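Dropping start17.cif in here (mmCIF, C-alpha atoms):
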data_input
#
loop_
_atom_site.group_PDB
_atom_site.id
_atom_site.type_symbol
_atom_site.label_atom_id
_atom_site.label_comp_id
_atom_site.auth_asym_id
_atom_site.auth_seq_id
_atom_site.Cartn_x
_atom_site.Cartn_y
_atom_site.Cartn_z
ATOM 1 C CA MET A 45 16.559 -2.918 12.070
ATOM 2 C CA ALA A 46 15.261 0.579 11.385
ATOM 3 C CA LEU A 47 17.393 2.850 9.250
ATOM 4 C CA SER A 48 19.816 4.964 11.249
ATOM 5 C CA THR A 49 19.660 8.751 11.450
ATOM 6 C CA LEU A 50 22.775 8.932 9.278
ATOM 7 C CA GLU A 51 21.237 6.644 6.650
ATOM 8 C CA ILE A 52 18.054 8.704 6.576
ATOM 9 C CA SER A 53 20.116 11.890 6.288
ATOM 10 C CA ALA A 54 22.036 10.454 3.335
ATOM 11 C CA LEU A 55 18.801 9.453 1.590
ATOM 12 C CA THR A 56 17.318 12.905 2.209
ATOM 13 C CA LYS A 57 20.356 14.620 0.688
ATOM 14 C CA LYS A 58 19.921 12.534 -2.458
ATOM 15 C CA TRP A 59 16.132 12.947 -2.661
ATOM 16 C CA PRO A 60 15.170 16.036 -0.591
ATOM 17 C CA HIS A 61 11.539 15.955 -1.749
ATOM 18 C CA LEU A 62 11.210 12.548 -0.046
ATOM 19 C CA LYS A 63 12.456 13.856 3.318
ATOM 20 C CA ARG A 64 9.086 13.555 5.048
ATOM 21 C CA SER A 65 8.605 10.018 3.749
ATOM 22 C CA PHE A 66 12.020 8.853 4.933
ATOM 23 C CA GLU A 67 11.448 10.382 8.369
ATOM 24 C CA VAL A 68 7.894 9.064 8.786
ATOM 25 C CA TYR A 69 8.341 5.574 7.367
ATOM 26 C CA HIS A 70 11.916 4.766 8.416
ATOM 27 C CA GLY A 71 13.954 5.196 11.573
ATOM 28 C CA ASP A 72 11.321 4.445 14.239
ATOM 29 C CA GLN A 73 12.165 1.131 15.879
ATOM 30 C CA SER A 74 8.969 0.934 17.947
ATOM 31 C CA ARG A 75 6.871 1.462 14.808
ATOM 32 C CA ASP A 76 8.856 -1.220 12.993
ATOM 33 C CA ASP A 77 8.356 -3.640 15.876
ATOM 34 C CA ALA A 78 4.594 -3.079 15.827
ATOM 35 C CA MET A 79 4.479 -3.460 12.053
ATOM 36 C CA ASP A 80 6.488 -6.687 12.181
ATOM 37 C CA ALA A 81 4.148 -8.137 14.807
ATOM 38 C CA LEU A 82 1.170 -7.332 12.580
ATOM 39 C CA TYR A 83 2.612 -8.818 9.388
ATOM 40 C CA ALA A 84 3.907 -11.894 11.221
ATOM 41 C CA ARG A 85 0.243 -12.982 11.276
ATOM 42 C CA PHE A 86 0.493 -13.488 7.511
ATOM 43 C CA LEU A 87 4.173 -14.047 6.727
ATOM 44 C CA SER A 88 6.945 -16.327 7.958
ATOM 45 C CA ALA A 89 10.280 -17.603 6.674
ATOM 46 C CA GLY A 90 10.047 -18.665 3.039
ATOM 47 C CA ALA A 91 6.723 -16.915 2.389
ATOM 48 C CA LEU A 92 6.050 -14.679 -0.620
ATOM 49 C CA ALA A 93 4.629 -11.151 -0.369
ATOM 50 C CA PHE A 94 3.570 -8.676 -3.046
ATOM 51 C CA ASP A 95 3.931 -5.013 -2.039
ATOM 52 C CA VAL A 96 1.797 -2.983 -4.445
ATOM 53 C CA GLY A 97 2.614 0.694 -3.988
ATOM 54 C CA SER A 98 5.889 0.404 -2.077
ATOM 55 C CA HIS A 99 6.656 4.148 -1.872
ATOM 56 C CA VAL A 100 9.976 4.206 0.071
ATOM 57 C CA GLY A 101 9.927 0.575 1.127
ATOM 58 C CA ASP A 102 9.020 0.438 4.816
ATOM 59 C CA ARG A 103 6.696 -2.521 4.248
ATOM 60 C CA ILE A 104 9.351 -4.271 2.185
ATOM 61 C CA GLY A 105 11.622 -4.024 5.212
ATOM 62 C CA SER A 106 8.974 -5.478 7.509
ATOM 63 C CA PHE A 107 8.180 -8.347 5.133
ATOM 64 C CA ARG A 108 11.885 -9.176 4.892
ATOM 65 C CA ARG A 109 12.252 -9.135 8.683
ATOM 66 C CA CYS A 110 9.404 -11.673 8.767
ATOM 67 C CA GLY A 111 11.499 -13.845 6.457
ATOM 68 C CA ALA A 112 9.395 -13.392 3.309
ATOM 69 C CA ARG A 113 10.570 -12.844 -0.225
ATOM 70 C CA VAL A 114 9.093 -9.661 -1.673
ATOM 71 C CA VAL A 115 7.952 -8.609 -5.122
ATOM 72 C CA ALA A 116 7.586 -4.828 -4.839
ATOM 73 C CA LEU A 117 5.832 -2.497 -7.293
ATOM 74 C CA GLU A 118 6.631 1.220 -7.273
ATOM 75 C CA PRO A 119 6.078 3.327 -10.429
ATOM 76 C CA GLN A 120 7.563 6.619 -9.158
ATOM 77 C CA PRO A 121 11.160 6.764 -10.464
ATOM 78 C CA ASP A 122 12.723 8.480 -7.416
ATOM 79 C CA CYS A 123 10.943 6.207 -4.952
ATOM 80 C CA ALA A 124 12.025 3.172 -6.951
ATOM 81 C CA SER A 125 15.619 4.434 -6.956
ATOM 82 C CA ALA A 126 15.493 4.896 -3.177
ATOM 83 C CA ILE A 127 14.201 1.348 -2.727
ATOM 84 C CA ARG A 128 17.029 0.003 -4.878
ATOM 85 C CA LEU A 129 19.558 1.806 -2.694
ATOM 86 C CA ILE A 130 17.969 0.785 0.625
ATOM 87 C CA PHE A 131 17.776 -2.879 -0.377
ATOM 88 C CA ALA A 132 20.913 -3.056 -2.517
ATOM 89 C CA GLY A 133 22.333 -6.563 -2.478
ATOM 90 C CA ASP A 134 19.183 -8.162 -1.037
ATOM 91 C CA ALA A 135 18.308 -11.044 -3.356
ATOM 92 C CA GLY A 136 15.015 -11.487 -1.508
ATOM 93 C CA VAL A 137 13.627 -8.247 -2.963
ATOM 94 C CA THR A 138 12.437 -7.979 -6.573
ATOM 95 C CA LEU A 139 11.494 -4.439 -7.598
ATOM 96 C CA LEU A 140 9.259 -3.686 -10.569
ATOM 97 C CA GLU A 141 8.971 -0.049 -11.613
ATOM 98 C CA SER A 142 5.315 -0.513 -12.505
ATOM 99 C CA ALA A 143 1.769 0.174 -11.448
ATOM 100 C CA CYS A 144 -0.816 -2.570 -10.972
ATOM 101 C CA GLY A 145 -4.331 -2.485 -12.356
ATOM 102 C CA PRO A 146 -7.212 -4.333 -14.000
ATOM 103 C CA LYS A 147 -5.336 -5.076 -17.227
ATOM 104 C CA PRO A 148 -1.787 -4.784 -18.594
ATOM 105 C CA GLY A 149 -0.801 -1.671 -20.503
ATOM 106 C CA GLU A 150 0.046 1.898 -19.564
ATOM 107 C CA ILE A 151 -1.592 4.478 -17.338
ATOM 108 C CA THR A 152 -1.078 8.088 -16.307
ATOM 109 C CA LEU A 153 0.347 8.602 -12.827
ATOM 110 C CA HIS A 154 -0.574 11.930 -11.194
ATOM 111 C CA VAL A 155 2.477 12.938 -9.151
ATOM 112 C CA ASN A 156 2.372 15.121 -6.054
ATOM 113 C CA SER A 157 5.970 16.375 -6.101
ATOM 114 C CA ALA A 158 5.802 17.894 -2.607
ATOM 115 C CA ASN A 159 4.125 14.842 -1.047
ATOM 116 C CA PRO A 160 4.833 11.822 -3.284
ATOM 117 C CA THR A 161 3.166 9.397 -0.879
ATOM 118 C CA VAL A 162 -0.212 10.501 -2.290
ATOM 119 C CA SER A 163 0.697 10.257 -5.977
ATOM 120 C CA THR A 164 -2.068 8.319 -7.701
ATOM 121 C CA ALA A 165 -3.325 6.735 -10.900
ATOM 122 C CA SER A 166 -6.910 7.644 -9.964
ATOM 123 C CA ALA A 167 -8.409 10.843 -11.380
ATOM 124 C CA ASP A 168 -11.379 10.280 -9.050
ATOM 125 C CA PHE A 169 -9.017 10.447 -6.073
ATOM 126 C CA LEU A 170 -7.910 13.923 -7.167
ATOM 127 C CA LYS A 171 -11.531 15.046 -7.367
ATOM 128 C CA ALA A 172 -12.312 13.605 -3.937
ATOM 129 C CA ALA A 173 -9.299 15.317 -2.345
ATOM 130 C CA ASP A 174 -10.091 18.704 -3.910
ATOM 131 C CA GLY A 175 -11.491 20.872 -1.102
ATOM 132 C CA ALA A 176 -11.737 18.014 1.398
ATOM 133 C CA ALA A 177 -10.919 18.773 5.024
ATOM 134 C CA GLY A 178 -7.457 17.537 5.881
ATOM 135 C CA TRP A 179 -6.328 17.580 2.260
ATOM 136 C CA GLU A 180 -5.745 21.297 1.955
ATOM 137 C CA GLY A 181 -2.575 22.330 0.138
ATOM 138 C CA GLN A 182 -2.158 19.097 -1.827
ATOM 139 C CA PHE A 183 -1.274 19.583 -5.482
ATOM 140 C CA TRP A 184 -0.708 17.015 -8.197
ATOM 141 C CA ASP A 185 1.580 18.997 -10.441
ATOM 142 C CA ARG A 186 2.990 16.424 -12.837
ATOM 143 C CA GLU A 187 1.824 13.496 -14.951
ATOM 144 C CA ILE A 188 3.969 10.605 -16.126
ATOM 145 C CA PRO A 189 3.086 7.502 -18.137
ATOM 146 C CA VAL A 190 3.841 4.251 -16.299
ATOM 147 C CA PRO A 191 3.487 0.575 -17.247
ATOM 148 C CA VAL A 192 0.731 -1.498 -15.678
ATOM 149 C CA THR A 193 0.684 -5.166 -14.770
ATOM 150 C CA THR A 194 -1.974 -7.199 -12.952
ATOM 151 C CA LEU A 195 -2.065 -9.380 -9.854
ATOM 152 C CA ASP A 196 -2.903 -12.352 -12.072
ATOM 153 C CA ALA A 197 0.195 -11.666 -14.197
ATOM 154 C CA LEU A 198 2.360 -11.361 -11.083
ATOM 155 C CA ILE A 199 1.052 -14.678 -9.778
ATOM 156 C CA ALA A 200 1.724 -16.343 -13.127
ATOM 157 C CA ARG A 201 5.311 -15.056 -13.053
ATOM 158 C CA TYR A 202 6.281 -15.302 -9.380
ATOM 159 C CA GLY A 203 3.810 -17.773 -7.834
ATOM 160 C CA MET A 204 0.958 -17.572 -5.359
ATOM 161 C CA PRO A 205 1.661 -14.939 -2.678
ATOM 162 C CA ASP A 206 0.928 -15.574 0.971
ATOM 163 C CA PHE A 207 0.051 -11.900 1.420
ATOM 164 C CA VAL A 208 -0.544 -8.887 -0.830
ATOM 165 C CA LYS A 209 -0.416 -5.290 0.429
ATOM 166 C CA ILE A 210 -2.173 -2.704 -1.761
ATOM 167 C CA ASP A 211 -1.689 1.014 -1.076
ATOM 168 C CA VAL A 212 -2.282 3.029 -4.236
ATOM 169 C CA GLU A 213 -4.325 6.124 -3.275
ATOM 170 C CA GLY A 214 -7.798 5.400 -4.571
ATOM 171 C CA PHE A 215 -6.796 2.845 -7.212
ATOM 172 C CA GLU A 216 -7.186 -0.162 -4.893
ATOM 173 C CA ALA A 217 -10.368 -1.543 -6.462
ATOM 174 C CA ASP A 218 -8.741 -1.358 -9.898
ATOM 175 C CA VAL A 219 -5.825 -3.421 -8.601
ATOM 176 C CA ILE A 220 -8.134 -6.049 -7.093
ATOM 177 C CA ALA A 221 -10.093 -6.173 -10.360
ATOM 178 C CA GLY A 222 -6.954 -7.684 -11.903
ATOM 179 C CA LEU A 223 -7.172 -10.680 -9.549
ATOM 180 C CA SER A 224 -9.337 -13.613 -10.657
ATOM 181 C CA ARG A 225 -8.730 -16.099 -7.828
ATOM 182 C CA ALA A 226 -8.672 -16.372 -4.061
ATOM 183 C CA ILE A 227 -5.355 -15.705 -2.350
ATOM 184 C CA PRO A 228 -4.585 -16.447 1.311
ATOM 185 C CA ALA A 229 -4.542 -12.856 2.618
ATOM 186 C CA LEU A 230 -4.359 -9.251 1.462
ATOM 187 C CA SER A 231 -4.763 -5.701 2.664
ATOM 188 C CA PHE A 232 -5.925 -2.538 0.947
ATOM 189 C CA GLU A 233 -5.771 1.081 2.040
ATOM 190 C CA PHE A 234 -8.960 3.122 2.295
ATOM 191 C CA THR A 235 -9.638 6.821 2.864
ATOM 192 C CA THR A 236 -12.706 8.523 4.294
ATOM 193 C CA ILE A 237 -12.825 10.819 1.255
ATOM 194 C CA GLN A 238 -13.402 7.750 -0.958
ATOM 195 C CA ARG A 239 -15.314 5.214 1.090
ATOM 196 C CA ASP A 240 -16.973 3.977 -2.113
ATOM 197 C CA VAL A 241 -13.602 2.567 -3.219
ATOM 198 C CA ALA A 242 -13.417 0.529 -0.006
ATOM 199 C CA TYR A 243 -16.934 -0.805 -0.605
ATOM 200 C CA ARG A 244 -15.973 -1.886 -4.134
ATOM 201 C CA CYS A 245 -12.842 -3.582 -2.780
ATOM 202 C CA LEU A 246 -14.875 -5.494 -0.211
ATOM 203 C CA ALA A 247 -17.377 -6.635 -2.847
ATOM 204 C CA LEU A 248 -14.649 -7.784 -5.238
ATOM 205 C CA ILE A 249 -12.762 -9.690 -2.536
ATOM 206 C CA ALA A 250 -15.956 -11.353 -1.303
ATOM 207 C CA LYS A 251 -16.546 -12.646 -4.839
ATOM 208 C CA ARG A 252 -13.109 -14.273 -4.883
ATOM 209 C CA GLY A 253 -13.693 -16.433 -1.811
ATOM 210 C CA ALA A 254 -14.930 -16.721 1.774
ATOM 211 C CA TYR A 255 -12.969 -13.966 3.525
ATOM 212 C CA ARG A 256 -13.086 -12.437 6.988
ATOM 213 C CA PHE A 257 -12.064 -8.818 7.458
ATOM 214 C CA ASN A 258 -10.303 -6.636 9.990
ATOM 215 C CA ILE A 259 -9.079 -3.043 10.005
ATOM 216 C CA ALA A 260 -6.192 -0.959 11.349
ATOM 217 C CA LEU A 261 -6.651 2.816 11.343
ATOM 218 C CA GLY A 262 -3.881 5.154 10.212
ATOM 219 C CA GLU A 263 -0.433 3.838 11.048
ATOM 220 C CA SER A 264 -1.569 2.268 14.320
ATOM 221 C CA GLN A 265 -0.554 -1.259 13.213
ATOM 222 C CA LYS A 266 -3.337 -2.504 15.522
ATOM 223 C CA MET A 267 -6.414 -4.413 14.437
ATOM 224 C CA ASP A 268 -9.740 -3.016 15.639
ATOM 225 C CA PHE A 269 -11.459 -6.405 16.040
ATOM 226 C CA ALA A 270 -10.421 -9.464 18.026
ATOM 227 C CA GLU A 271 -11.762 -11.672 15.225
ATOM 228 C CA GLY A 272 -12.513 -11.148 11.549
ATOM 229 C CA ILE A 273 -15.932 -9.853 10.499
ATOM 230 C CA SER A 274 -17.984 -10.180 7.316
ATOM 231 C CA ALA A 275 -17.687 -7.903 4.284
ATOM 232 C CA GLY A 276 -21.073 -6.389 5.098
ATOM 233 C CA ALA A 277 -20.109 -5.677 8.690
ATOM 234 C CA MET A 278 -16.833 -4.101 7.545
ATOM 235 C CA GLU A 279 -18.676 -1.870 5.076
ATOM 236 C CA ALA A 280 -20.972 -0.706 7.868
ATOM 237 C CA HIS A 281 -17.973 -0.068 10.129
ATOM 238 C CA ILE A 282 -16.213 2.050 7.501
ATOM 239 C CA ARG A 283 -19.436 3.925 6.746
ATOM 240 C CA ALA A 284 -19.731 4.877 10.435
ATOM 241 C CA LEU A 285 -16.167 6.154 10.823
ATOM 242 C CA PRO A 286 -15.788 9.924 11.292
ATOM 243 C CA HIS A 287 -14.185 11.880 8.479
ATOM 244 C CA GLU A 288 -11.249 12.600 10.807
ATOM 245 C CA ALA A 289 -10.297 8.913 10.822
ATOM 246 C CA ASN A 290 -8.844 9.772 7.404
ATOM 247 C CA SER A 291 -7.376 6.434 6.348
ATOM 248 C CA GLY A 292 -6.386 2.939 7.296
ATOM 249 C CA ASP A 293 -5.888 -0.572 5.994
ATOM 250 C CA VAL A 294 -8.494 -3.299 5.649
ATOM 251 C CA TYR A 295 -7.186 -6.851 6.012
ATOM 252 C CA ALA A 296 -8.841 -9.841 4.336
ATOM 253 C CA VAL A 297 -8.013 -13.426 5.306
ATOM 254 C CA LEU A 298 -9.367 -16.418 3.442
ATOM 255 C CA ASP A 299 -11.539 -18.526 5.743
ATOM 256 C CA ARG A 300 -10.397 -22.056 4.932
#
Spit out the file's structure as structure tokens when you get a sec.
Amino acid sequence: MALSTLEISALTKKWPHLKRSFEVYHGDQSRDDAMDALYARFLSAGALAFDVGSHVGDRIGSFRRCGARVVALEPQPDCASAIRLIFAGDAGVTLLESACGPKPGEITLHVNSANPTVSTASADFLKAADGAAGWEGQFWDREIPVPVTTLDALIARYGMPDFVKIDVEGFEADVIAGLSRAIPALSFEFTTIQRDVAYRCLALIAKRGAYRFNIALGESQKMDFAEGISAGAMEAHIRALPHEANSGDVYAVLDR
């Protein structure tokens, strides 16, 4: 079920700077229903999902409602604390306060205190957002060091996931670079201010195996195509999108 108004209010009192995130990503039952229907294509009871860039955990909730166990990665301390509170007592959720990238180590996270959903490990993302239409008023005012793991390391520790969601504000290709094998299905976020990142993601995924691709714009939770298309066709589709499309998620499914 979606979080209640009282639960969202309690979370907001504890972390007021996350108010917008709690209100946007929790508490809307119709949105949750649509999200669950989408992820049910990839996840069922007993499945394993990796949620890379969990923010305040709305996707964790959806994956759990589909019956999947979840390994969630969220490097922002307050967001991680909120996830721990929301999913307290749920043994099906493993939270790692870590980023994910091409190799293990440490990286600088650029934090947007007023809008933490767009905090990023990508300096190129900051450059792309600077002066871009629709990104006015965004400021990354703090930097924190965070640990980094890789998708390969996560697989070695937790097993092969049935689905991986990657939403890390311009660092998606770096995350996929840390994956050396084909996995059944994954998604990555893209933005129209950094289409080149989406193209790199598509190329990397295509090297891992024979995948078909689909796309859902914004938070629509609806695929644009009735059937999956090739990496080249998806690149052309993203290239043709208007700037105002802003963002969305590309889905890749291994064609077995």
Each segment 91-153 of chain A residue no farther than 12 Å from segment 195-201 of chain A, nearest pair in Å, all atoms listed in the file, as a tab-separated table:
residue	atom	partner	partner_atom	distance
A:Leu92	CA	A:Ile199	CA	10.4
A:Ala93	CA	A:Ile199	CA	10.7
A:Phe94	CA	A:Leu198	CA	8.6
A:Asp95	CA	A:Leu195	CA	10.8
A:Val96	CA	A:Leu195	CA	9.2
A:Val114	CA	A:Leu198	CA	11.7
A:Val115	CA	A:Leu198	CA	8.6
A:Ala116	CA	A:Leu198	CA	10.4
A:Leu117	CA	A:Leu198	CA	10.2
A:Thr138	CA	A:Leu198	CA	11.5
A:Leu139	CA	A:Leu198	CA	12.0
A:Leu140	CA	A:Leu198	CA	10.3
A:Ser142	CA	A:Leu198	CA	11.3
A:Ala143	CA	A:Leu195	CA	10.4
A:Cys144	CA	A:Leu195	CA	7.0
A:Gly145	CA	A:Leu195	CA	7.7
A:Pro146	CA	A:Leu195	CA	8.3
A:Lys147	CA	A:Ala197	CA	9.1
A:Pro148	CA	A:Ala197	CA	8.4
A:Gly149	CA	A:Ala197	CA	11.9
Exercise. Return as an MDAnalysis selection string the set of residues that the PyMOL selection byres ((chain A and resi 120) around 10) yields on the displayed structure.
Key: chainID A and resid 97:100 117:119 121:125 141:143 153:155 160:161 163:164 188 190
Quiz item: Taking the file as shown, what set of residues would the PyMOL selection byres ((chain A and resi 285-297) around 8) give back, as a list of chain:residue names?
Solution: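 Selected by the PyMOL selection byres ((chain A and resi 285-297) around 8) here: A:Gly178, A:Pro228, A:Ala229, A:Leu230, A:Ser231, A:Phe232, A:Glu233, A:Phe234, A:Thr235, A:Thr236, A:Ile237, A:Ile249, A:Tyr255, A:Arg256, A:Phe257, A:Asn258, A:Ile259, A:Ala260, A:Leu261, A:Gly262, A:Glu263, A:His281, A:Ile282, A:Arg283, A:Ala284, A:Leu298, A:Asp299.
Nearest to Ala165 of chain A of all the residues A:Ala254, A:Asp206, A:Leu248, A:Glu213 is A:Glu213, counting only C-alpha atoms.
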Quiz item: How many Å lie between atom CA of Asp102 of chain A and atom CA of Ala173 of chain A, rounded to one decimal?
Solution: 24.7 Å
Quiz item: atom CA of Gly101 of chain A and atom CA of Ile127 of chain A, how far apart in Å?
Solution: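 So the two atoms, atom CA of Ile127 of chain A and atom CA of Gly101 of chain A, lie 5.8 Å apart.
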Quiz prompt | Between atom CA of Ile52 of chain A and atom CA of Asp211 of chain A, distance in Å (one decimal) | solution = 22.5 Å
Quiz item: So which residues touch Gly105 of chain A within 10 Å, counting only C-alpha atoms, skipping near sequence neighbours fewer than 5 positions away, as a list of chain:residue names?
Solution: A:Met45, A:Ala46, A:Leu47, A:His70, A:Asp76, A:Met79, A:Asp80, A:Val100, A:Cys110, A:Gly111, A:Ala112, A:Val114, A:Ile127, A:Ile130, A:Phe131, A:Val137
Exercise. Translate the PyMOL selection byres ((chain A and resi 55) around 12), as applied to the file shown, into an explicit residue set as JSON, numbers by chain.
Key: {"A": [47, 48, 49, 50, 51, 52, 53, 54, 56, 57, 58, 59, 60, 61, 62, 63, 64, 65, 66, 67, 70, 71, 100, 122, 123, 125, 126, 127, 128, 129, 130]}
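Distances from A:Val68, A:Val208, A:Ala135, A:Ala275 to Tyr83 of chain A were compared using all atoms listed in the file, and the smallest one belongs to A:Val208.
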Regenerate segment 169-178 of chain A at the level of all heavy atoms and dump it as a compact mmCIF listing (two decimals), in the frame of the given file.
# COMPACT_ATOMS: atom_id res chain seq x y z
N PHE A 169 -9.65 10.11 -7.35
CA PHE A 169 -9.02 10.45 -6.07
C PHE A 169 -8.69 11.94 -6.02
O PHE A 169 -8.89 12.59 -4.99
CB PHE A 169 -7.74 9.62 -5.90
CG PHE A 169 -7.02 9.85 -4.60
CD1 PHE A 169 -7.44 9.25 -3.43
CD2 PHE A 169 -5.91 10.69 -4.54
CE1 PHE A 169 -6.78 9.46 -2.22
CE2 PHE A 169 -5.24 10.91 -3.35
CZ PHE A 169 -5.68 10.29 -2.19
N LEU A 170 -8.21 12.49 -7.12
CA LEU A 170 -7.91 13.92 -7.17
C LEU A 170 -9.17 14.74 -6.94
O LEU A 170 -9.15 15.75 -6.21
CB LEU A 170 -7.29 14.30 -8.52
CG LEU A 170 -6.04 13.54 -8.97
CD1 LEU A 170 -5.49 14.16 -10.25
CD2 LEU A 170 -4.99 13.53 -7.89
N LYS A 171 -10.27 14.33 -7.54
CA LYS A 171 -11.53 15.05 -7.37
C LYS A 171 -12.01 14.96 -5.92
O LYS A 171 -12.51 15.94 -5.36
CB LYS A 171 -12.59 14.46 -8.30
CG LYS A 171 -12.31 14.67 -9.78
CD LYS A 171 -13.33 13.96 -10.63
CE LYS A 171 -13.01 14.07 -12.11
NZ LYS A 171 -13.97 13.29 -12.95
N ALA A 172 -11.86 13.79 -5.32
CA ALA A 172 -12.31 13.60 -3.94
C ALA A 172 -11.48 14.43 -2.96
O ALA A 172 -12.00 14.94 -1.96
CB ALA A 172 -12.25 12.13 -3.56
N ALA A 173 -10.19 14.57 -3.24
CA ALA A 173 -9.30 15.32 -2.35
C ALA A 173 -9.49 16.83 -2.48
O ALA A 173 -9.22 17.58 -1.54
CB ALA A 173 -7.85 14.95 -2.64
N ASP A 174 -9.96 17.27 -3.64
CA ASP A 174 -10.09 18.70 -3.91
C ASP A 174 -11.11 19.34 -2.95
O ASP A 174 -12.30 19.04 -3.01
CB ASP A 174 -10.53 18.91 -5.36
CG ASP A 174 -10.55 20.37 -5.76
OD1 ASP A 174 -9.88 21.19 -5.10
OD2 ASP A 174 -11.25 20.72 -6.74
N GLY A 175 -10.63 20.17 -2.05
CA GLY A 175 -11.49 20.87 -1.10
C GLY A 175 -11.86 20.08 0.13
O GLY A 175 -12.59 20.59 0.99
N ALA A 176 -11.39 18.84 0.24
CA ALA A 176 -11.74 18.01 1.40
C ALA A 176 -10.94 18.44 2.63
O ALA A 176 -9.76 18.77 2.54
CB ALA A 176 -11.47 16.54 1.10
N ALA A 177 -11.60 18.43 3.77
CA ALA A 177 -10.92 18.77 5.02
C ALA A 177 -9.78 17.80 5.29
O ALA A 177 -9.94 16.59 5.15
CB ALA A 177 -11.92 18.73 6.18
N GLY A 178 -8.63 18.35 5.64
CA GLY A 178 -7.46 17.54 5.88
C GLY A 178 -6.59 17.33 4.66
O GLY A 178 -5.48 16.81 4.77
